[in-house]
Amino acid sequence: MEEPLCCCEYVDRRGERNHLAACCCDCEELDESCDRWLTCRSLPPGALERIADTVADRCRVPWFAGAVKINVSLVPPMVLLPVFLHIAALHFLLGLVVLTSLPAVVLWYYYLTHRRKERTLFFLSLGLFSLGYMYYVFLQEVVPRGHVGYSQVALLTCGLILMLVALSRAKKDPGYLPISTSVDKPSQQAFPSKSVRGSSNGLHGAAAGGHSVNGETKGYSRVLAEEREGVKMDWCVKCQLVRPARAGHCRLCGRCVRRLDHHCVWINSCVGEQNHQAFILALFFFMLTSLYGIMLTLDTICRGQTPFTALFYCPGAYSDYSSALSFTCVWYCAIVTAGMGYILLIQLLNISYNVTEREARLALRDNAGRRLLGGLVIDTGQYNRGFLCNWGHFLSLGSPPQQRSAEDIV
């Protein structure tokens, strides 16, 4: 019987027992890569990925039952965000450079992880830490000036709490389909993979097999079957199950989700049938809370000016460091709020036309949808039943289906 791990021991990714004190040992690949870099030679394929995996595996903290691994993606937002904002508060030009580069860096990292098909806690950590840090700056720099009342602070705090509650609900099960564990799984040969038209999103002309678009996994064979009630179904090779209509496979989560909308990096989870309403609520409360906080801060720093005017012209913003930091945080919040406002707008339009992000992108791929409102929404026409019916359908998501009586059936 193996001895239990001490607080500084852990089992590494190769299954070997290791110690935190030996975190700098066995670094031959790192030494070789440094030698190649110093001698201007190319690195072997996959060297950087293996080094990054090793570093991530050794980033641990002592704990009772063994050293606990720290997710490296959680660290950069907590360190870099305050540093960059404080640098931006030193001068107007520094603020312009920092606030311009931050969105570019975040977008670059998003496309990097999206291309590698990796899940990361970076964006969730960035969002939560940004909220906490903005709230801290508001209480530390804005409230002591005496222009914000206790009722306004309480209202802002309530909005923040409501948003966090909605976010925690959105982080729960989005509607994962249960993975079949029975021995009698239907084989792929039982379903024809050629000459089959249609899909779970009701778009005609979707080709079978071998596509990887917006959550569709490579090697996915699209097949239709008919349930007793005539609902279109399709077969997922990865999950080995027959999916209901509008369900989709997420390549990042590795699961099929009912009425899959998209995989959201800001909550590190899919948005589906069970959490779509909470996702919209979280966005809505964030918009209200952020706009209210921006208005209170600008009204305190730039006295006698409207919030919109003060956002672009505030002569006393850099008169002292406290005002400069508050004004920089306002602009940071404004940039984030604009991005989240665009996401909320697209979501509300999609709900109004009863189309999901996944269905809209598949429709663009197959030329099966109409661009409306300047391309902001793609109407597939498959599930659109009118504005009121579409919103009624959305508000009823996740509720159990109504049981029909025997008289109604007869």
# chains A, B, ... in the order shown; residues from 1 in each chain; ligands from 1
call {"tool": "select_by_dssp", "arguments": {"residues": "stretch 229-295 of chain A", "states": "alpha helix (DSSP H)", "output": "VMD selection string"}}
result
chain A and resid 276 to 295
call {"tool": "closest_residue", "arguments": {"among": "A:Thr300, A:Thr289, A:Asn367, A:Asn71", "to": "A:Glu141", "atoms": "only C-alpha atoms"}}
result
A:Thr300
call {"tool": "residues_around", "arguments": {"residues": "A:Ala247", "least_positions_apart": "5", "cutoff": "6 Å", "atoms": "only C-alpha atoms", "output": "ChimeraX atom specification"}}
result
/A:257-260
call {"tool": "write_last_selection", "arguments": {"atoms": "C-alpha atoms", "output": "CSV table (one decimal), in the first residue's frame"}}
result
chain,number,residue,atom,x,y,z
A,257,VAL,CA,-26.2,20.0,-25.5
A,258,ARG,CA,-30.0,20.5,-26.0
A,259,ARG,CA,-30.7,23.6,-28.2
A,260,LEU,CA,-27.1,24.5,-28.3
call {"tool": "atom_distance", "arguments": {"atom1": "atom CA of A:Arg255", "atom2": "atom CA of A:Gln274"}}
result
14.3 Å
call {"tool": "atom_distance", "arguments": {"atom1": "atom CA of A:Val377", "atom2": "atom CA of A:Ala338"}}
result
18.2 Å
call {"tool": "residues_around", "arguments": {"residues": "stretch 40-55 of chain A", "least_positions_apart": "3", "cutoff": "9 Å", "atoms": "only C-alpha atoms", "output": "list in words"}}
result
Asp12, Arg13, Cys23, Cys27, Glu29, Leu30, Glu32, Ser33, Asp35, Arg36, Trp37, Arg58, Cys59 and Val72 of chain A
call {"tool": "closest_residue", "arguments": {"among": "A:Ala21, A:Cys236, A:Ile294, A:Leu283", "to": "A:Ile335", "atoms": "only C-alpha atoms"}}
result
A:Ile294
call {"tool": "closest_residue", "arguments": {"among": "A:Leu5, A:Lys69, A:Tyr136, A:Ile87", "to": "A:Tyr321", "atoms": "only C-alpha atoms"}}
result
A:Ile87
call {"tool": "atom_distance", "arguments": {"atom1": "atom CA of A:Leu349", "atom2": "atom CA of A:Arg365"}}
result
19.7 Å
call {"tool": "closest_residue", "arguments": {"among": "A:Phe279, A:Tyr135, A:Tyr176, A:Phe394", "to": "A:Cys253", "atoms": "only C-alpha atoms"}}
result
A:Tyr176
call {"tool": "select_by_dssp", "arguments": {"residues": "stretch 242-408 of chain A", "states": "strand (DSSP E)", "output": "PyMOL selection string"}}
result
chain A and resi 242-243+248-250+255-257+262-264+269-271+370-372+377-379
call {"tool": "residues_around", "arguments": {"residues": "A:Ala282", "least_positions_apart": "3", "cutoff": "9 Å", "atoms": "only C-alpha atoms", "output": "ChimeraX atom specification"}}
result
/A:162-170,277-279,285-287
call {"tool": "write_last_selection", "arguments": {"atoms": "N, CA, C and O atoms", "output": "PDB file, in the first residue's frame"}}
result
ATOM      1  N   LEU A 162     -27.005  40.460  -7.981  1.00  0.00           N
ATOM      2  CA  LEU A 162     -27.951  39.813  -8.888  1.00  0.00           C
ATOM      3  C   LEU A 162     -27.246  39.273 -10.130  1.00  0.00           C
ATOM      4  O   LEU A 162     -27.575  38.192 -10.628  1.00  0.00           O
ATOM      5  N   MET A 163     -26.261  40.022 -10.627  1.00  0.00           N
ATOM      6  CA  MET A 163     -25.531  39.548 -11.791  1.00  0.00           C
ATOM      7  C   MET A 163     -24.726  38.292 -11.465  1.00  0.00           C
ATOM      8  O   MET A 163     -24.666  37.342 -12.255  1.00  0.00           O
ATOM      9  N   LEU A 164     -24.105  38.261 -10.293  1.00  0.00           N
ATOM     10  CA  LEU A 164     -23.326  37.086  -9.891  1.00  0.00           C
ATOM     11  C   LEU A 164     -24.220  35.878  -9.676  1.00  0.00           C
ATOM     12  O   LEU A 164     -23.828  34.746  -9.991  1.00  0.00           O
ATOM     13  N   VAL A 165     -25.423  36.099  -9.142  1.00  0.00           N
ATOM     14  CA  VAL A 165     -26.361  34.991  -8.965  1.00  0.00           C
ATOM     15  C   VAL A 165     -26.777  34.423 -10.318  1.00  0.00           C
ATOM     16  O   VAL A 165     -26.806  33.193 -10.528  1.00  0.00           O
ATOM     17  N   ALA A 166     -27.103  35.313 -11.257  1.00  0.00           N
ATOM     18  CA  ALA A 166     -27.469  34.857 -12.603  1.00  0.00           C
ATOM     19  C   ALA A 166     -26.291  34.167 -13.283  1.00  0.00           C
ATOM     20  O   ALA A 166     -26.468  33.175 -14.003  1.00  0.00           O
ATOM     21  N   LEU A 167     -25.078  34.664 -13.054  1.00  0.00           N
ATOM     22  CA  LEU A 167     -23.894  34.051 -13.642  1.00  0.00           C
ATOM     23  C   LEU A 167     -23.659  32.654 -13.081  1.00  0.00           C
ATOM     24  O   LEU A 167     -23.305  31.725 -13.828  1.00  0.00           O
ATOM     25  N   SER A 168     -23.853  32.492 -11.778  1.00  0.00           N
ATOM     26  CA  SER A 168     -23.690  31.163 -11.180  1.00  0.00           C
ATOM     27  C   SER A 168     -24.721  30.184 -11.721  1.00  0.00           C
ATOM     28  O   SER A 168     -24.425  29.000 -11.920  1.00  0.00           O
ATOM     29  N   ARG A 169     -25.928  30.673 -11.986  1.00  0.00           N
ATOM     30  CA  ARG A 169     -26.947  29.807 -12.593  1.00  0.00           C
ATOM     31  C   ARG A 169     -26.585  29.475 -14.033  1.00  0.00           C
ATOM     32  O   ARG A 169     -26.803  28.343 -14.495  1.00  0.00           O
ATOM     33  N   ALA A 170     -26.022  30.436 -14.756  1.00  0.00           N
ATOM     34  CA  ALA A 170     -25.619  30.182 -16.139  1.00  0.00           C
ATOM     35  C   ALA A 170     -24.452  29.209 -16.217  1.00  0.00           C
ATOM     36  O   ALA A 170     -24.249  28.578 -17.260  1.00  0.00           O
ATOM     37  N   GLN A 277     -31.650  31.354 -20.418  1.00  0.00           N
ATOM     38  CA  GLN A 277     -32.342  32.447 -19.734  1.00  0.00           C
ATOM     39  C   GLN A 277     -31.439  33.103 -18.694  1.00  0.00           C
ATOM     40  O   GLN A 277     -31.386  34.339 -18.586  1.00  0.00           O
ATOM     41  N   ALA A 278     -30.711  32.292 -17.925  1.00  0.00           N
ATOM     42  CA  ALA A 278     -29.803  32.849 -16.913  1.00  0.00           C
ATOM     43  C   ALA A 278     -28.671  33.617 -17.571  1.00  0.00           C
ATOM     44  O   ALA A 278     -28.202  34.634 -17.035  1.00  0.00           O
ATOM     45  N   PHE A 279     -28.221  33.179 -18.729  1.00  0.00           N
ATOM     46  CA  PHE A 279     -27.169  33.875 -19.461  1.00  0.00           C
ATOM     47  C   PHE A 279     -27.638  35.263 -19.886  1.00  0.00           C
ATOM     48  O   PHE A 279     -26.902  36.257 -19.740  1.00  0.00           O
ATOM     49  N   PHE A 285     -28.183  42.264 -16.203  1.00  0.00           N
ATOM     50  CA  PHE A 285     -27.780  42.867 -14.929  1.00  0.00           C
ATOM     51  C   PHE A 285     -26.387  43.488 -15.025  1.00  0.00           C
ATOM     52  O   PHE A 285     -26.115  44.511 -14.376  1.00  0.00           O
ATOM     53  N   PHE A 286     -25.510  42.882 -15.813  1.00  0.00           N
ATOM     54  CA  PHE A 286     -24.182  43.476 -15.990  1.00  0.00           C
ATOM     55  C   PHE A 286     -24.288  44.833 -16.675  1.00  0.00           C
ATOM     56  O   PHE A 286     -23.623  45.794 -16.265  1.00  0.00           O
ATOM     57  N   MET A 287     -25.107  44.916 -17.720  1.00  0.00           N
ATOM     58  CA  MET A 287     -25.253  46.182 -18.435  1.00  0.00           C
ATOM     59  C   MET A 287     -25.796  47.268 -17.512  1.00  0.00           C
ATOM     60  O   MET A 287     -25.263  48.391 -17.469  1.00  0.00           O
TER      61      MET A 287
END
